[in-house]
>>> print(open('query-v6.pdb').read())   # PDB, N, CA and C atoms, pLDDT in the B column
ATOM      1  N   MET A   1      23.414  17.581   3.738  1.00 84.00           N
ATOM      2  CA  MET A   1      23.246  18.950   3.331  1.00 84.00           C
ATOM      3  C   MET A   1      22.476  19.667   4.435  1.00 84.00           C
ATOM      4  N   THR A   2      22.937  20.819   4.789  1.00 89.00           N
ATOM      5  CA  THR A   2      22.298  21.617   5.825  1.00 89.00           C
ATOM      6  C   THR A   2      21.836  22.928   5.204  1.00 89.00           C
ATOM      7  N   GLY A   3      20.717  23.421   5.700  1.00 89.00           N
ATOM      8  CA  GLY A   3      20.212  24.687   5.183  1.00 89.00           C
ATOM      9  C   GLY A   3      18.993  25.122   5.955  1.00 89.00           C
ATOM     10  N   SER A   4      18.399  26.198   5.509  1.00 90.00           N
ATOM     11  CA  SER A   4      17.186  26.678   6.151  1.00 90.00           C
ATOM     12  C   SER A   4      16.236  27.212   5.088  1.00 90.00           C
ATOM     13  N   VAL A   5      14.955  27.229   5.459  1.00 86.00           N
ATOM     14  CA  VAL A   5      13.913  27.691   4.556  1.00 86.00           C
ATOM     15  C   VAL A   5      12.956  28.553   5.369  1.00 86.00           C
ATOM     16  N   THR A   6      12.476  29.609   4.782  1.00 91.00           N
ATOM     17  CA  THR A   6      11.498  30.459   5.445  1.00 91.00           C
ATOM     18  C   THR A   6      10.170  30.300   4.717  1.00 91.00           C
ATOM     19  N   ILE A   7       9.119  29.910   5.486  1.00 90.00           N
ATOM     20  CA  ILE A   7       7.778  29.802   4.916  1.00 90.00           C
ATOM     21  C   ILE A   7       6.788  30.465   5.876  1.00 90.00           C
ATOM     22  N   SER A   8       5.635  30.783   5.353  1.00 92.00           N
ATOM     23  CA  SER A   8       4.622  31.425   6.192  1.00 92.00           C
ATOM     24  C   SER A   8       4.067  30.410   7.196  1.00 92.00           C
ATOM     25  N   LEU A   9       3.501  30.918   8.291  1.00 92.00           N
ATOM     26  CA  LEU A   9       2.886  30.034   9.281  1.00 92.00           C
ATOM     27  C   LEU A   9       1.728  29.261   8.677  1.00 92.00           C
ATOM     28  N   GLU A  10       0.989  29.891   7.781  1.00 92.00           N
ATOM     29  CA  GLU A  10      -0.132  29.218   7.103  1.00 92.00           C
ATOM     30  C   GLU A  10       0.372  28.017   6.304  1.00 92.00           C
ATOM     31  N   ASP A  11       1.442  28.215   5.557  1.00 90.00           N
ATOM     32  CA  ASP A  11       2.012  27.109   4.778  1.00 90.00           C
ATOM     33  C   ASP A  11       2.579  26.021   5.692  1.00 90.00           C
ATOM     34  N   TYR A  12       3.174  26.433   6.807  1.00 88.00           N
ATOM     35  CA  TYR A  12       3.711  25.471   7.762  1.00 88.00           C
ATOM     36  C   TYR A  12       2.596  24.607   8.345  1.00 88.00           C
ATOM     37  N   GLU A  13       1.499  25.233   8.750  1.00 90.00           N
ATOM     38  CA  GLU A  13       0.358  24.498   9.297  1.00 90.00           C
ATOM     39  C   GLU A  13      -0.226  23.540   8.258  1.00 90.00           C
ATOM     40  N   GLU A  14      -0.304  23.982   7.013  1.00 89.00           N
ATOM     41  CA  GLU A  14      -0.804  23.117   5.937  1.00 89.00           C
ATOM     42  C   GLU A  14       0.126  21.923   5.737  1.00 89.00           C
ATOM     43  N   LEU A  15       1.414  22.161   5.788  1.00 88.00           N
ATOM     44  CA  LEU A  15       2.404  21.087   5.645  1.00 88.00           C
ATOM     45  C   LEU A  15       2.270  20.068   6.777  1.00 88.00           C
ATOM     46  N   LYS A  16       2.106  20.541   8.010  1.00 87.00           N
ATOM     47  CA  LYS A  16       1.910  19.628   9.141  1.00 87.00           C
ATOM     48  C   LYS A  16       0.639  18.813   8.971  1.00 87.00           C
ATOM     49  N   SER A  17      -0.417  19.461   8.508  1.00 89.00           N
ATOM     50  CA  SER A  17      -1.696  18.780   8.300  1.00 89.00           C
ATOM     51  C   SER A  17      -1.566  17.688   7.238  1.00 89.00           C
ATOM     52  N   LYS A  18      -0.885  18.005   6.153  1.00 89.00           N
ATOM     53  CA  LYS A  18      -0.713  17.013   5.085  1.00 89.00           C
ATOM     54  C   LYS A  18       0.130  15.842   5.546  1.00 89.00           C
ATOM     55  N   ASN A  19       1.112  16.095   6.400  1.00 88.00           N
ATOM     56  CA  ASN A  19       1.929  15.010   6.934  1.00 88.00           C
ATOM     57  C   ASN A  19       1.061  14.076   7.776  1.00 88.00           C
ATOM     58  N   SER A  20       0.221  14.654   8.629  1.00 87.00           N
ATOM     59  CA  SER A  20      -0.685  13.831   9.449  1.00 87.00           C
ATOM     60  C   SER A  20      -1.626  13.022   8.572  1.00 87.00           C
ATOM     61  N   ASN A  21      -2.156  13.667   7.523  1.00 88.00           N
ATOM     62  CA  ASN A  21      -3.061  12.979   6.603  1.00 88.00           C
ATOM     63  C   ASN A  21      -2.366  11.819   5.896  1.00 88.00           C
ATOM     64  N   SER A  22      -1.126  12.016   5.493  1.00 91.00           N
ATOM     65  CA  SER A  22      -0.418  10.945   4.788  1.00 91.00           C
ATOM     66  C   SER A  22      -0.108   9.781   5.716  1.00 91.00           C
ATOM     67  N   ILE A  23       0.218  10.064   6.971  1.00 90.00           N
ATOM     68  CA  ILE A  23       0.465   8.987   7.939  1.00 90.00           C
ATOM     69  C   ILE A  23      -0.819   8.202   8.181  1.00 90.00           C
ATOM     70  N   GLU A  24      -1.939   8.916   8.320  1.00 90.00           N
ATOM     71  CA  GLU A  24      -3.229   8.258   8.529  1.00 90.00           C
ATOM     72  C   GLU A  24      -3.603   7.392   7.321  1.00 90.00           C
ATOM     73  N   LEU A  25      -3.389   7.926   6.119  1.00 90.00           N
ATOM     74  CA  LEU A  25      -3.688   7.169   4.900  1.00 90.00           C
ATOM     75  C   LEU A  25      -2.813   5.924   4.800  1.00 90.00           C
ATOM     76  N   LYS A  26      -1.534   6.055   5.119  1.00 89.00           N
ATOM     77  CA  LYS A  26      -0.628   4.900   5.084  1.00 89.00           C
ATOM     78  C   LYS A  26      -1.110   3.817   6.035  1.00 89.00           C
ATOM     79  N   ASN A  27      -1.504   4.212   7.242  1.00 90.00           N
ATOM     80  CA  ASN A  27      -1.990   3.233   8.214  1.00 90.00           C
ATOM     81  C   ASN A  27      -3.260   2.542   7.732  1.00 90.00           C
ATOM     82  N   LYS A  28      -4.150   3.275   7.084  1.00 91.00           N
ATOM     83  CA  LYS A  28      -5.375   2.684   6.550  1.00 91.00           C
ATOM     84  C   LYS A  28      -5.068   1.696   5.426  1.00 91.00           C
ATOM     85  N   VAL A  29      -4.117   2.035   4.571  1.00 90.00           N
ATOM     86  CA  VAL A  29      -3.732   1.133   3.476  1.00 90.00           C
ATOM     87  C   VAL A  29      -3.116  -0.148   4.035  1.00 90.00           C
ATOM     88  N   LEU A  30      -2.262  -0.013   5.037  1.00 90.00           N
ATOM     89  CA  LEU A  30      -1.658  -1.199   5.643  1.00 90.00           C
ATOM     90  C   LEU A  30      -2.709  -2.083   6.309  1.00 90.00           C
ATOM     91  N   LYS A  31      -3.675  -1.473   6.985  1.00 91.00           N
ATOM     92  CA  LYS A  31      -4.749  -2.243   7.610  1.00 91.00           C
ATOM     93  C   LYS A  31      -5.585  -2.957   6.554  1.00 91.00           C
ATOM     94  N   ALA A  32      -5.911  -2.249   5.463  1.00 90.00           N
ATOM     95  CA  ALA A  32      -6.702  -2.857   4.386  1.00 90.00           C
ATOM     96  C   ALA A  32      -5.941  -4.011   3.749  1.00 90.00           C
ATOM     97  N   SER A  33      -4.633  -3.862   3.568  1.00 90.00           N
ATOM     98  CA  SER A  33      -3.860  -4.949   2.958  1.00 90.00           C
ATOM     99  C   SER A  33      -3.839  -6.179   3.860  1.00 90.00           C
ATOM    100  N   LYS A  34      -3.787  -5.984   5.179  1.00 90.00           N
ATOM    101  CA  LYS A  34      -3.836  -7.119   6.108  1.00 90.00           C
ATOM    102  C   LYS A  34      -5.187  -7.829   6.018  1.00 90.00           C
ATOM    103  N   GLU A  35      -6.267  -7.059   5.922  1.00 91.00           N
ATOM    104  CA  GLU A  35      -7.596  -7.659   5.805  1.00 91.00           C
ATOM    105  C   GLU A  35      -7.740  -8.420   4.489  1.00 91.00           C
ATOM    106  N   ILE A  36      -7.171  -7.881   3.427  1.00 91.00           N
ATOM    107  CA  ILE A  36      -7.222  -8.566   2.128  1.00 91.00           C
ATOM    108  C   ILE A  36      -6.390  -9.848   2.188  1.00 91.00           C
ATOM    109  N   GLU A  37      -5.260  -9.818   2.900  1.00 90.00           N
ATOM    110  CA  GLU A  37      -4.455 -11.031   3.069  1.00 90.00           C
ATOM    111  C   GLU A  37      -5.279 -12.133   3.740  1.00 90.00           C
ATOM    112  N   ILE A  38      -6.032 -11.768   4.762  1.00 90.00           N
ATOM    113  CA  ILE A  38      -6.877 -12.757   5.453  1.00 90.00           C
ATOM    114  C   ILE A  38      -7.918 -13.329   4.500  1.00 90.00           C
ATOM    115  N   PHE A  39      -8.544 -12.457   3.718  1.00 89.00           N
ATOM    116  CA  PHE A  39      -9.553 -12.916   2.761  1.00 89.00           C
ATOM    117  C   PHE A  39      -8.942 -13.821   1.706  1.00 89.00           C
ATOM    118  N   LEU A  40      -7.800 -13.458   1.168  1.00 88.00           N
ATOM    119  CA  LEU A  40      -7.142 -14.289   0.162  1.00 88.00           C
ATOM    120  C   LEU A  40      -6.712 -15.633   0.748  1.00 88.00           C
ATOM    121  N   SER A  41      -6.250 -15.629   1.986  1.00 87.00           N
ATOM    122  CA  SER A  41      -5.881 -16.889   2.645  1.00 87.00           C
ATOM    123  C   SER A  41      -7.097 -17.791   2.761  1.00 87.00           C
ATOM    124  N   PHE A  42      -8.233 -17.204   3.098  1.00 86.00           N
ATOM    125  CA  PHE A  42      -9.492 -17.938   3.173  1.00 86.00           C
ATOM    126  C   PHE A  42      -9.844 -18.530   1.809  1.00 86.00           C
ATOM    127  N   LEU A  43      -9.715 -17.739   0.745  1.00 86.00           N
ATOM    128  CA  LEU A  43     -10.023 -18.232  -0.601  1.00 86.00           C
ATOM    129  C   LEU A  43      -9.092 -19.370  -1.013  1.00 86.00           C
ATOM    130  N   CYS A  44      -7.830 -19.273  -0.627  1.00 83.00           N
ATOM    131  CA  CYS A  44      -6.851 -20.299  -1.007  1.00 83.00           C
ATOM    132  C   CYS A  44      -7.224 -21.667  -0.459  1.00 83.00           C
ATOM    133  N   THR A  45      -7.924 -21.692   0.667  1.00 81.00           N
ATOM    134  CA  THR A  45      -8.302 -22.978   1.243  1.00 81.00           C
ATOM    135  C   THR A  45      -9.495 -23.585   0.511  1.00 81.00           C
ATOM    136  N   ARG A  46     -10.184 -22.798  -0.310  1.00 81.00           N
ATOM    137  CA  ARG A  46     -11.380 -23.275  -0.994  1.00 81.00           C
ATOM    138  C   ARG A  46     -11.233 -23.376  -2.511  1.00 81.00           C
ATOM    139  N   GLU A  47     -10.312 -22.638  -3.049  1.00 77.00           N
ATOM    140  CA  GLU A  47     -10.127 -22.605  -4.499  1.00 77.00           C
ATOM    141  C   GLU A  47      -8.638 -22.628  -4.826  1.00 77.00           C
ATOM    142  N   ASN A  48      -8.321 -23.114  -6.005  1.00 82.00           N
ATOM    143  CA  ASN A  48      -6.955 -23.000  -6.496  1.00 82.00           C
ATOM    144  C   ASN A  48      -6.873 -21.686  -7.272  1.00 82.00           C
ATOM    145  N   ILE A  49      -6.312 -20.679  -6.627  1.00 84.00           N
ATOM    146  CA  ILE A  49      -6.280 -19.355  -7.254  1.00 84.00           C
ATOM    147  C   ILE A  49      -4.872 -18.971  -7.709  1.00 84.00           C
ATOM    148  N   ASP A  50      -3.944 -19.916  -7.707  1.00 85.00           N
ATOM    149  CA  ASP A  50      -2.561 -19.615  -8.079  1.00 85.00           C
ATOM    150  C   ASP A  50      -2.449 -18.972  -9.460  1.00 85.00           C
ATOM    151  N   ASP A  51      -3.165 -19.505 -10.443  1.00 87.00           N
ATOM    152  CA  ASP A  51      -3.097 -18.940 -11.795  1.00 87.00           C
ATOM    153  C   ASP A  51      -3.624 -17.510 -11.830  1.00 87.00           C
ATOM    154  N   HIS A  52      -4.671 -17.248 -11.059  1.00 88.00           N
ATOM    155  CA  HIS A  52      -5.239 -15.894 -11.013  1.00 88.00           C
ATOM    156  C   HIS A  52      -4.268 -14.918 -10.344  1.00 88.00           C
ATOM    157  N   ILE A  53      -3.588 -15.390  -9.312  1.00 89.00           N
ATOM    158  CA  ILE A  53      -2.615 -14.536  -8.621  1.00 89.00           C
ATOM    159  C   ILE A  53      -1.434 -14.237  -9.536  1.00 89.00           C
ATOM    160  N   LYS A  54      -0.964 -15.242 -10.269  1.00 91.00           N
ATOM    161  CA  LYS A  54       0.139 -15.013 -11.205  1.00 91.00           C
ATOM    162  C   LYS A  54      -0.248 -13.983 -12.253  1.00 91.00           C
ATOM    163  N   GLU A  55      -1.472 -14.081 -12.764  1.00 92.00           N
ATOM    164  CA  GLU A  55      -1.940 -13.112 -13.760  1.00 92.00           C
ATOM    165  C   GLU A  55      -2.043 -11.719 -13.147  1.00 92.00           C
ATOM    166  N   PHE A  56      -2.613 -11.641 -11.942  1.00 92.00           N
ATOM    167  CA  PHE A  56      -2.709 -10.351 -11.256  1.00 92.00           C
ATOM    168  C   PHE A  56      -1.328  -9.731 -11.081  1.00 92.00           C
ATOM    169  N   ASN A  57      -0.368 -10.523 -10.591  1.00 93.00           N
ATOM    170  CA  ASN A  57       0.986 -10.028 -10.353  1.00 93.00           C
ATOM    171  C   ASN A  57       1.651  -9.535 -11.634  1.00 93.00           C
ATOM    172  N   SER A  58       1.328 -10.158 -12.757  1.00 94.00           N
ATOM    173  CA  SER A  58       1.946  -9.731 -14.013  1.00 94.00           C
ATOM    174  C   SER A  58       1.428  -8.364 -14.470  1.00 94.00           C
ATOM    175  N   TYR A  59       0.234  -7.982 -14.039  1.00 93.00           N
ATOM    176  CA  TYR A  59      -0.351  -6.694 -14.437  1.00 93.00           C
ATOM    177  C   TYR A  59      -0.178  -5.603 -13.377  1.00 93.00           C
ATOM    178  N   SER A  60      -0.101  -5.978 -12.123  1.00 91.00           N
ATOM    179  CA  SER A  60      -0.089  -4.985 -11.048  1.00 91.00           C
ATOM    180  C   SER A  60       1.223  -4.224 -10.991  1.00 91.00           C
ATOM    181  N   LYS A  61       1.115  -2.903 -10.833  1.00 89.00           N
ATOM    182  CA  LYS A  61       2.296  -2.054 -10.673  1.00 89.00           C
ATOM    183  C   LYS A  61       2.484  -1.627  -9.222  1.00 89.00           C
ATOM    184  N   THR A  62       1.449  -1.779  -8.394  1.00 88.00           N
ATOM    185  CA  THR A  62       1.513  -1.269  -7.025  1.00 88.00           C
ATOM    186  C   THR A  62       1.750  -2.335  -5.966  1.00 88.00           C
ATOM    187  N   CYS A  63       1.481  -3.595  -6.281  1.00 90.00           N
ATOM    188  CA  CYS A  63       1.700  -4.648  -5.278  1.00 90.00           C
ATOM    189  C   CYS A  63       1.855  -6.004  -5.956  1.00 90.00           C
ATOM    190  N   LYS A  64       2.341  -6.946  -5.174  1.00 93.00           N
ATOM    191  CA  LYS A  64       2.438  -8.342  -5.593  1.00 93.00           C
ATOM    192  C   LYS A  64       1.832  -9.188  -4.492  1.00 93.00           C
ATOM    193  N   ILE A  65       1.170 -10.272  -4.874  1.00 92.00           N
ATOM    194  CA  ILE A  65       0.583 -11.194  -3.917  1.00 92.00           C
ATOM    195  C   ILE A  65       1.425 -12.462  -3.913  1.00 92.00           C
ATOM    196  N   HIS A  66       1.760 -12.924  -2.719  1.00 92.00           N
ATOM    197  CA  HIS A  66       2.524 -14.160  -2.562  1.00 92.00           C
ATOM    198  C   HIS A  66       1.725 -15.088  -1.652  1.00 92.00           C
ATOM    199  N   ILE A  67       1.705 -16.379  -1.985  1.00 89.00           N
ATOM    200  CA  ILE A  67       1.070 -17.375  -1.138  1.00 89.00           C
ATOM    201  C   ILE A  67       2.185 -18.207  -0.511  1.00 89.00           C
ATOM    202  N   LEU A  68       2.299 -18.129   0.813  1.00 87.00           N
ATOM    203  CA  LEU A  68       3.345 -18.844   1.543  1.00 87.00           C
ATOM    204  C   LEU A  68       2.693 -19.706   2.610  1.00 87.00           C
ATOM    205  N   ASP A  69       2.853 -21.010   2.486  1.00 86.00           N
ATOM    206  CA  ASP A  69       2.265 -21.958   3.444  1.00 86.00           C
ATOM    207  C   ASP A  69       0.767 -21.746   3.631  1.00 86.00           C
ATOM    208  N   GLY A  70       0.074 -21.510   2.522  1.00 82.00           N
ATOM    209  CA  GLY A  70      -1.373 -21.344   2.570  1.00 82.00           C
ATOM    210  C   GLY A  70      -1.857 -19.994   3.050  1.00 82.00           C
ATOM    211  N   LYS A  71      -0.936 -19.060   3.291  1.00 87.00           N
ATOM    212  CA  LYS A  71      -1.313 -17.718   3.739  1.00 87.00           C
ATOM    213  C   LYS A  71      -0.890 -16.694   2.691  1.00 87.00           C
ATOM    214  N   ALA A  72      -1.803 -15.774   2.402  1.00 89.00           N
ATOM    215  CA  ALA A  72      -1.520 -14.728   1.426  1.00 89.00           C
ATOM    216  C   ALA A  72      -0.746 -13.595   2.080  1.00 89.00           C
ATOM    217  N   LYS A  73       0.220 -13.070   1.372  1.00 91.00           N
ATOM    218  CA  LYS A  73       0.976 -11.891   1.802  1.00 91.00           C
ATOM    219  C   LYS A  73       0.979 -10.898   0.651  1.00 91.00           C
ATOM    220  N   ILE A  74       0.726  -9.643   0.976  1.00 91.00           N
ATOM    221  CA  ILE A  74       0.713  -8.595  -0.040  1.00 91.00           C
ATOM    222  C   ILE A  74       1.965  -7.752   0.132  1.00 91.00           C
ATOM    223  N   GLU A  75       2.733  -7.646  -0.944  1.00 91.00           N
ATOM    224  CA  GLU A  75       3.949  -6.834  -0.951  1.00 91.00           C
ATOM    225  C   GLU A  75       3.617  -5.526  -1.667  1.00 91.00           C
ATOM    226  N   LEU A  76       3.622  -4.427  -0.929  1.00 86.00           N
ATOM    227  CA  LEU A  76       3.312  -3.121  -1.512  1.00 86.00           C
ATOM    228  C   LEU A  76       4.569  -2.507  -2.100  1.00 86.00           C
ATOM    229  N   ASN A  77       4.465  -2.042  -3.335  1.00 85.00           N
ATOM    230  CA  ASN A  77       5.589  -1.350  -3.979  1.00 85.00           C
ATOM    231  C   ASN A  77       5.499   0.128  -3.660  1.00 85.00           C
ATOM    232  N   GLN A  78       6.599   0.836  -3.859  1.00 75.00           N
ATOM    233  CA  GLN A  78       6.568   2.283  -3.727  1.00 75.00           C
ATOM    234  C   GLN A  78       5.641   2.843  -4.796  1.00 75.00           C
ATOM    235  N   ILE A  79       4.825   3.811  -4.403  1.00 60.00           N
ATOM    236  CA  ILE A  79       3.905   4.441  -5.345  1.00 60.00           C
ATOM    237  C   ILE A  79       4.428   5.830  -5.664  1.00 60.00           C
ATOM    238  N   ASN A  80       4.680   6.093  -6.945  1.00 58.00           N
ATOM    239  CA  ASN A  80       5.122   7.413  -7.366  1.00 58.00           C
ATOM    240  C   ASN A  80       3.918   8.338  -7.455  1.00 58.00           C
ATOM    241  N   GLU A  81       4.146   9.629  -7.285  1.00 50.00           N
ATOM    242  CA  GLU A  81       3.072  10.604  -7.318  1.00 50.00           C
ATOM    243  C   GLU A  81       2.279  10.553  -8.622  1.00 50.00           C
ATOM    244  N   ASP A  82       2.962  10.369  -9.758  1.00 49.00           N
ATOM    245  CA  ASP A  82       2.263  10.365 -11.045  1.00 49.00           C
ATOM    246  C   ASP A  82       1.416   9.118 -11.242  1.00 49.00           C
ATOM    247  N   GLU A  83       1.618   8.058 -10.440  1.00 50.00           N
ATOM    248  CA  GLU A  83       0.811   6.839 -10.550  1.00 50.00           C
ATOM    249  C   GLU A  83      -0.511   6.985  -9.815  1.00 50.00           C
ATOM    250  N   ASN A  84      -0.649   7.988  -8.942  1.00 48.00           N
ATOM    251  CA  ASN A  84      -1.877   8.198  -8.191  1.00 48.00           C
ATOM    252  C   ASN A  84      -2.989   8.772  -9.057  1.00 48.00           C
ATOM    253  N   SER A  85      -2.656   9.323 -10.184  1.00 42.00           N
ATOM    254  CA  SER A  85      -3.658   9.965 -11.047  1.00 42.00           C
ATOM    255  C   SER A  85      -4.436   8.976 -11.853  1.00 42.00           C
TER
END
>>> encode(input="query-v6.pdb", output="structure tokens")
Amino acid sequence: MTGSVTISLEDYEELKSKNSNSIELKNKVLKASKEIEIFLSFLCTRENIDDHIKEFNSYSKTCKIHILDGKAKIELNQINEDENS
């Protein structure tokens, strides 16, 4: 679909700013998830947390935790706008 939209420069600048903010937030979330993966991998070597992870996964709507070869991996689900509230 092709088309055009006319918006004020103020609204355009706000839109650009929000895009930058969302990219920055996404990068921070990805970095935090990697750090949590490292921490969970560390815990797996000291405790049997499989039952706790299964319980967490059954309740979580935003991510799932998987343990593969002793390393934790976090799978992030798409987050809908109404889930942020």
>>> atom_distance(input="query-v6.pdb", atom1="atom C of Glu55 of chain A", atom2="atom N of Lys28 of chain A")
25.3 Å
>>> atom_distance(input="query-v6.pdb", atom1="atom C of Ala32 of chain A", atom2="atom N of Lys64 of chain A")
12.5 Å
>>> residues_around(input="query-v6.pdb", residues="Glu37 of chain A", least_positions_apart="4", cutoff="6 Å", atoms="all atoms listed in the file", output="VMD selection string")
chain A and resid 32 to 33 41 to 42 72 to 74
>>> atom_distance(input="query-v6.pdb", atom1="atom CA of Lys71 of chain A", atom2="atom CA of Ser58 of chain A")
19.7 Å
>>> axis_aligned_box(input="query-v6.pdb", around="segment 63-79 of chain A", padding_each_side="8 Å", output="JSON")
{"center_x": 2.4, "center_y": -8.1, "center_z": -1.3, "size_x": 24.5, "size_y": 43.8, "size_z": 26.0}
